[in-house]
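S.K.: This is the content of protein-v5.csv (CSV, C-alpha atoms):
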```
chain,number,residue,atom,x,y,z
F,13,MET,CA,0.0,0.0,0.0
F,14,SER,CA,1.4,3.4,-1.0
F,15,GLN,CA,1.3,6.2,1.5
F,16,THR,CA,1.1,9.9,0.6
F,17,LYS,CA,3.6,12.1,2.3
F,18,ALA,CA,2.6,15.5,3.5
F,19,LEU,CA,4.7,18.3,2.0
F,20,THR,CA,5.0,21.7,3.7
F,21,VAL,CA,7.0,24.7,2.6
F,22,ARG,CA,7.7,27.3,5.2
F,23,ALA,CA,10.1,30.0,6.3
F,24,LEU,CA,13.4,28.9,7.7
F,25,ARG,CA,13.5,29.0,11.5
F,26,ALA,CA,16.3,29.1,14.1
F,27,GLU,CA,15.7,25.5,15.2
F,28,ASP,CA,16.3,24.3,11.6
F,29,GLY,CA,20.1,25.0,11.8
F,30,PRO,CA,21.5,21.5,12.0
F,31,ALA,CA,19.1,20.0,9.3
F,32,TRP,CA,19.5,23.1,7.1
F,33,GLN,CA,23.3,22.8,7.3
F,34,GLU,CA,23.2,19.1,6.2
F,35,LEU,CA,21.0,20.0,3.3
F,36,TRP,CA,23.2,22.9,2.3
F,37,LYS,CA,26.3,20.8,2.6
F,38,ALA,CA,24.7,18.2,0.3
F,39,TYR,CA,23.8,21.0,-2.2
F,40,LEU,CA,27.4,22.3,-2.2
F,41,ALA,CA,28.8,18.8,-2.6
F,42,PHE,CA,26.7,18.4,-5.8
F,43,TYR,CA,28.7,21.4,-7.1
F,44,GLU,CA,32.0,19.9,-5.7
F,45,THR,CA,32.3,22.6,-3.2
F,46,SER,CA,32.7,22.8,0.6
F,47,LEU,CA,33.0,25.8,2.8
F,48,PRO,CA,34.5,26.6,6.2
F,49,GLN,CA,32.1,26.4,9.2
F,50,GLU,CA,32.2,30.2,9.6
F,51,ILE,CA,30.4,30.5,6.3
F,52,TYR,CA,27.6,28.2,7.3
F,53,THR,CA,27.3,30.1,10.6
F,54,SER,CA,27.3,33.5,8.8
F,55,THR,CA,24.9,32.4,6.0
F,56,PHE,CA,22.4,30.9,8.5
F,57,ALA,CA,22.5,34.0,10.6
F,58,ARG,CA,21.9,36.2,7.6
F,59,LEU,CA,19.0,34.0,6.4
F,60,LEU,CA,17.3,34.6,9.8
F,61,GLY,CA,18.3,38.3,10.0
F,62,ASP,CA,16.1,41.3,9.3
F,63,ASP,CA,18.6,43.2,7.1
F,64,PRO,CA,16.7,43.7,3.8
F,65,ARG,CA,20.0,43.2,1.9
F,66,ASP,CA,20.3,39.7,3.2
F,67,PHE,CA,19.0,36.5,1.8
F,68,ASN,CA,15.8,34.8,2.8
F,69,GLY,CA,15.1,31.1,3.0
F,70,PHE,CA,12.3,28.6,2.8
F,71,VAL,CA,12.5,24.9,3.6
F,72,ALA,CA,10.5,22.0,2.5
F,73,GLU,CA,9.3,19.4,5.0
F,74,VAL,CA,8.0,16.0,4.3
F,75,ASP,CA,6.3,14.4,7.4
F,76,GLY,CA,8.2,16.8,9.6
F,77,LYS,CA,11.7,16.2,8.2
F,78,LEU,CA,13.5,18.9,6.3
F,79,VAL,CA,14.1,17.7,2.7
F,80,GLY,CA,14.7,20.8,0.7
F,81,LEU,CA,15.8,24.5,0.8
F,82,VAL,CA,15.8,27.6,-1.3
F,83,HIS,CA,17.6,30.9,-0.7
F,84,TYR,CA,16.6,34.1,-2.4
F,85,LEU,CA,17.4,37.8,-2.3
F,86,PHE,CA,15.7,41.0,-3.4
F,87,HIS,CA,17.9,43.7,-5.0
F,88,ARG,CA,17.7,46.9,-7.0
F,89,HIS,CA,17.9,46.7,-10.8
F,90,GLY,CA,19.0,49.6,-13.0
F,91,TRP,CA,16.2,49.0,-15.6
F,92,LYS,CA,13.3,48.8,-13.1
F,93,ILE,CA,11.8,50.9,-10.3
F,94,GLU,CA,10.9,47.8,-8.4
F,95,GLU,CA,13.4,45.4,-6.9
F,96,VAL,CA,14.0,42.0,-8.6
F,97,CYS,CA,14.4,38.6,-6.9
F,98,TYR,CA,17.5,36.4,-7.3
F,99,LEU,CA,17.0,32.8,-6.4
F,100,GLN,CA,20.5,31.6,-5.5
F,101,ASP,CA,20.3,28.1,-4.0
F,102,LEU,CA,17.7,25.4,-4.6
F,103,TYR,CA,18.0,21.8,-3.3
F,104,ALA,CA,15.9,18.8,-2.7
F,105,ASP,CA,17.2,15.6,-1.1
F,106,PRO,CA,17.6,12.9,-3.8
F,107,SER,CA,15.3,10.6,-1.8
F,108,VAL,CA,12.3,12.9,-2.4
F,109,ARG,CA,13.0,14.0,-5.9
F,110,GLY,CA,10.0,13.7,-8.1
F,111,MET,CA,7.6,14.7,-5.4
F,112,GLY,CA,7.3,18.3,-6.5
F,113,ILE,CA,9.7,19.7,-3.8
F,114,GLY,CA,11.7,21.9,-6.2
F,115,ARG,CA,8.5,23.3,-7.8
F,116,ALA,CA,7.0,24.0,-4.5
F,117,LEU,CA,10.1,25.9,-3.3
F,118,ILE,CA,10.3,27.9,-6.5
F,119,GLU,CA,6.5,28.8,-6.2
F,120,ALA,CA,7.1,29.9,-2.6
F,121,VAL,CA,9.8,32.3,-3.9
F,122,TYR,CA,7.4,33.5,-6.7
F,123,LYS,CA,4.8,34.2,-4.1
F,124,ALA,CA,7.3,36.1,-1.9
F,125,ALA,CA,8.4,38.1,-4.9
F,126,ASP,CA,4.8,39.0,-5.7
F,127,GLU,CA,4.2,40.1,-2.1
F,128,HIS,CA,7.4,42.2,-2.2
F,129,GLY,CA,6.3,43.8,-5.5
F,130,ALA,CA,9.2,42.3,-7.4
F,131,PRO,CA,8.1,41.7,-11.0
F,132,ASN,CA,11.1,39.4,-11.9
F,133,VAL,CA,12.6,36.2,-10.3
F,134,TYR,CA,15.7,34.8,-11.9
F,135,TRP,CA,18.3,32.1,-11.3
F,136,LEU,CA,21.3,30.4,-12.8
F,137,SER,CA,21.8,26.7,-13.6
F,138,GLN,CA,24.6,24.7,-15.0
F,139,ASP,CA,23.8,23.9,-18.6
F,140,PHE,CA,24.4,20.2,-18.0
F,141,ASN,CA,22.1,19.9,-15.0
F,142,ASP,CA,19.5,18.2,-17.0
F,143,THR,CA,17.3,17.0,-14.1
F,144,ALA,CA,16.9,20.5,-12.7
F,145,ARG,CA,16.5,22.0,-16.1
F,146,GLN,CA,13.5,19.8,-16.9
F,147,LEU,CA,11.7,21.5,-14.0
F,148,TYR,CA,13.1,25.0,-14.9
F,149,ASP,CA,11.8,24.7,-18.5
F,150,ARG,CA,8.3,24.1,-17.1
F,151,ILE,CA,8.3,26.8,-14.5
F,152,GLY,CA,10.5,29.5,-16.0
F,153,VAL,CA,11.8,30.8,-19.3
F,154,VAL,CA,15.4,30.2,-20.4
F,155,THR,CA,17.2,33.4,-21.4
F,156,PRO,CA,20.1,33.9,-23.9
F,157,PHE,CA,22.5,35.4,-21.3
F,158,VAL,CA,25.8,33.8,-20.5
F,159,LYS,CA,27.4,34.3,-17.1
F,160,TYR,CA,30.9,35.8,-16.8
F,161,GLN,CA,32.9,36.4,-13.7
F,162,ARG,CA,36.2,37.8,-12.7
F,163,SER,CA,38.9,35.2,-13.1
```
Will you turn the file into structure tokens for me?
M.R.:
Amino acid sequence: MSQTKALTVRALRAEDGPAWQELWKAYLAFYETSLPQEIYTSTFARLLGDDPRDFNGFVAEVDGKLVGLVHYLFHRHGWKIEEVCYLQDLYADPSVRGMGIGRALIEAVYKAADEHGAPNVYWLSQDFNDTARQLYDRIGVVTPFVKYQRS
């Protein structure tokens, strides 16, 4: 007999620290990256802070266990009066992929952007991240921009 699991998306809370850190470590490992502990501590504090320049975060829970996260930021844009929203990090634990976790987290950011009055939400993805891009192609529009950064 198959059991339906209850999915909840909510704002990140202080008590989520250890579970959030494990999810974020897994996300960074996917990108073959690790960070010193002070970055985890600083980022988590900023996610919970009230500085409007800092990131915000949502988490996804399935049956009370954190299984996904998203981080996003509002910022000014030279071509708009309103701020825009940058979605920086999105991760769902591989054990729950296919349950709509990623879509639910992106839709939570869309709703937050609407409430903030931000007409645009954008994010980056690696061109070879085919699994994620299948979702992104359904929920967003790919643009022709190529990212460059200082070497």
S.K.: Take the point (28.1, 21.0, 3.4) as written in the file and pick out every residue within 9 Å of it, counting only C-alpha atoms; give the list as a list of chain:residue names.
M.R.: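 Residues satisfying the cut-off, written out: F:Gln33, F:Glu34, F:Leu35, F:Trp36, F:Lys37, F:Ala38, F:Tyr39, F:Leu40, F:Ala41, F:Thr45, F:Ser46, F:Leu47, F:Pro48, F:Gln49, F:Tyr52.
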S.K.: For F:Glu73, find every residue with an atom within 9 Å (counting only C-alpha atoms), except residues of its own chain fewer than 3 positions away, and show them as number ranges by chain.
M.R.: F: 18-22, 76-80, 113
S.K.: Do you know which residues are at most 10 Å from F:Ala125 counting all atoms listed in the file, after dropping those on the same chain fewer than 3 positions away, and could you put them as a list in words?
M.R.: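 Result of the neighbour search: Tyr84, Leu85, Phe86, Glu95, Val96, Cys97, Tyr98, Glu119, Ala120, Val121, Tyr122, His128, Gly129, Ala130, Pro131, Asn132 and Val133 of chain F.
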S.K.: Could you give me, as a list in words, the residues within 10 Å of F:Leu24, counting all atoms listed in the file and dropping anything in the same chain fewer than 5 positions from it?
M.R.: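 Near neighbours after the sequence-gap exclusion: Gly29, Trp32, Phe56, Leu59, Leu60, Asn68, Gly69, Phe70, Val71, Ala72, Leu81, Val82 and His83 of chain F.
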S.K.: Mind dumping the selected residues with C-alpha atoms as a compact mmCIF listing (two decimals), in the coordinates of the input?
M.R.:
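Just written: result.txt:
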```txt
# COMPACT_ATOMS: atom_id res chain seq x y z
CA GLY F 29 20.10 25.00 11.80
CA TRP F 32 19.50 23.10 7.10
CA PHE F 56 22.40 30.90 8.50
CA LEU F 59 19.00 34.00 6.40
CA LEU F 60 17.30 34.60 9.80
CA ASN F 68 15.80 34.80 2.80
CA GLY F 69 15.10 31.10 3.00
CA PHE F 70 12.30 28.60 2.80
CA VAL F 71 12.50 24.90 3.60
CA ALA F 72 10.50 22.00 2.50
CA LEU F 81 15.80 24.50 0.80
CA VAL F 82 15.80 27.60 -1.30
CA HIS F 83 17.60 30.90 -0.70
```
S.K.: For F:Asp105, which residue among F:Lys17, F:Gly61, F:Val158, F:Val74 is the nearest when counting only C-alpha atoms?
M.R.: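 Closest candidate: F:Val74.
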S.K.: Please tell me which residues are no farther than 8 Å from (15.8, 32.3, -15.8) in the file, counting all atoms listed in the file, and write them as a list in words.
M.R.: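 Counting all atoms listed in the file, I find these residues within 8 Å of (15.8, 32.3, -15.8): Val133, Tyr134, Trp135, Leu136, Tyr148, Gly152, Val153, Val154 and Thr155 of chain F.
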S.K.: Considering all atoms listed in the file, can you say which of F:Gln138, F:Thr53, F:Gly90, F:Ala144 comes closest to F:Gly112?
M.R.: F:Ala144
S.K.: Could you give me, as a list in words, the residues within 12 Å of F:Gly110, counting only C-alpha atoms and dropping anything in the same chain fewer than 4 positions from it?
M.R.: Ala104, Asp105, Pro106, Gly114, Arg115, Ala116, Thr143, Ala144, Gln146 and Leu147 of chain F
S.K.: Between atom CA of F:His87 and atom CA of F:Asp142, what is the distance in Å, rounded to a tenth?
M.R.: 28.2 Å
S.K.: Work out how far apart atom CA of F:Asp149 and atom CA of F:Met111 are and give it in Å to one decimal.
M.R.: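 It comes out at 17.0 Å.
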S.K.: In Å, with one decimal, what is the gap from atom CA of F:Ala31 to atom CA of F:Ile151?
M.R.: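 Atom-to-atom, atom CA of F:Ala31 to atom CA of F:Ile151, that is 27.0 Å.
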